Amino acid sequence: MILSRANRPALVPVVAALLFSACSEHSNGSTEPINEGDVPVVTIRDFAFSAPTVTIDRGTSVRWRSTTGTFHTVTPDGHQVFAARQMNSSGETFEVRFDAPGRYRYYCEPHRALGMTGEVVVQ
């Protein structure tokens, strides 16, 4: 089947809907961090952080773990508690200790438009 130029715009909403539904994991899986000892872990799965919000006591660390080979970042949003971190391979981790109370937002640079954002709330 050959699509004429006139029919191509009609396909845009269909392709966009399929793409977003395939990329979203917000409806599947746990939205709570897992714990490894006393450290909450936010996993990076496909195009989502497993726990959109993590609440911790000050002096606690949070660990991010990639479970995919897709390129992602954990990028601070309006703070400098940690530097942006690239996550390129499955099993890769990094950990940040939060000493001051506050709300620390972060996002994935290439997937922010897909809603790949998170927040650490330190009490």
# chains A, B, ... in the order shown; residues from 1 in each chain; ligands from 1
$ residues_around --residues "segment 99-110 of chain A" --least-positions-apart "6" --cutoff "6 Å" --atoms "only C-alpha atoms" --output "PyMOL selection string"
chain A and resi 58-59+72-77+116-123
$ write_last_selection --atoms "N, CA and C atoms" --output "CSV table (one decimal), in the first residue's frame"
chain,number,residue,atom,x,y,z
A,58,ARG,N,16.4,12.7,56.4
A,58,ARG,CA,17.7,13.3,56.0
A,58,ARG,C,18.8,12.4,56.5
A,59,GLY,N,19.9,12.5,55.7
A,59,GLY,CA,21.1,11.6,56.0
A,59,GLY,C,21.0,10.2,55.3
A,72,HIS,N,19.7,6.7,29.3
A,72,HIS,CA,18.9,7.6,30.2
A,72,HIS,C,19.9,8.5,31.0
A,73,THR,N,19.3,9.5,31.6
A,73,THR,CA,20.0,10.3,32.5
A,73,THR,C,19.2,10.5,33.8
A,74,VAL,N,19.8,10.8,34.9
A,74,VAL,CA,19.2,11.3,36.1
A,74,VAL,C,19.7,12.7,36.3
A,75,THR,N,18.9,13.7,35.9
A,75,THR,CA,19.3,15.1,35.8
A,75,THR,C,18.6,15.9,36.9
A,76,PRO,N,19.4,16.6,37.8
A,76,PRO,CA,18.7,17.5,38.8
A,76,PRO,C,17.9,18.5,38.1
A,77,ASP,N,16.7,18.8,38.7
A,77,ASP,CA,15.8,19.9,38.2
A,77,ASP,C,15.7,21.0,39.2
A,116,MET,N,9.1,11.2,32.1
A,116,MET,CA,10.1,10.5,32.9
A,116,MET,C,10.8,11.4,33.9
A,117,THR,N,10.1,11.6,35.0
A,117,THR,CA,10.5,12.5,36.0
A,117,THR,C,10.3,11.8,37.4
A,118,GLY,N,11.0,12.4,38.4
A,118,GLY,CA,10.9,11.9,39.8
A,118,GLY,C,11.2,12.9,40.8
A,119,GLU,N,11.1,12.5,42.0
A,119,GLU,CA,11.3,13.5,43.1
A,119,GLU,C,11.7,12.7,44.4
A,120,VAL,N,12.7,13.3,45.1
A,120,VAL,CA,13.1,12.8,46.4
A,120,VAL,C,12.6,13.8,47.4
A,121,VAL,N,11.8,13.4,48.4
A,121,VAL,CA,11.4,14.3,49.4
A,121,VAL,C,12.2,13.9,50.7
A,122,VAL,N,12.9,14.8,51.2
A,122,VAL,CA,13.7,14.6,52.4
A,122,VAL,C,13.1,15.3,53.6
A,123,GLN,N,12.8,14.5,54.6
A,123,GLN,CA,12.2,15.0,55.8
A,123,GLN,C,13.2,15.4,56.9
$ residues_around --residues "Thr68 of chain A" --least-positions-apart "6" --cutoff "7 Å" --atoms "only C-alpha atoms" --output "list in words"
Arg45, Asp46, Ser89 and Ser90 of chain A
$ closest_residue --among "A:Ile44, A:Val62, A:Ala51, A:Leu114" --to "Glu92 of chain A" --atoms "only C-alpha atoms"
A:Ile44
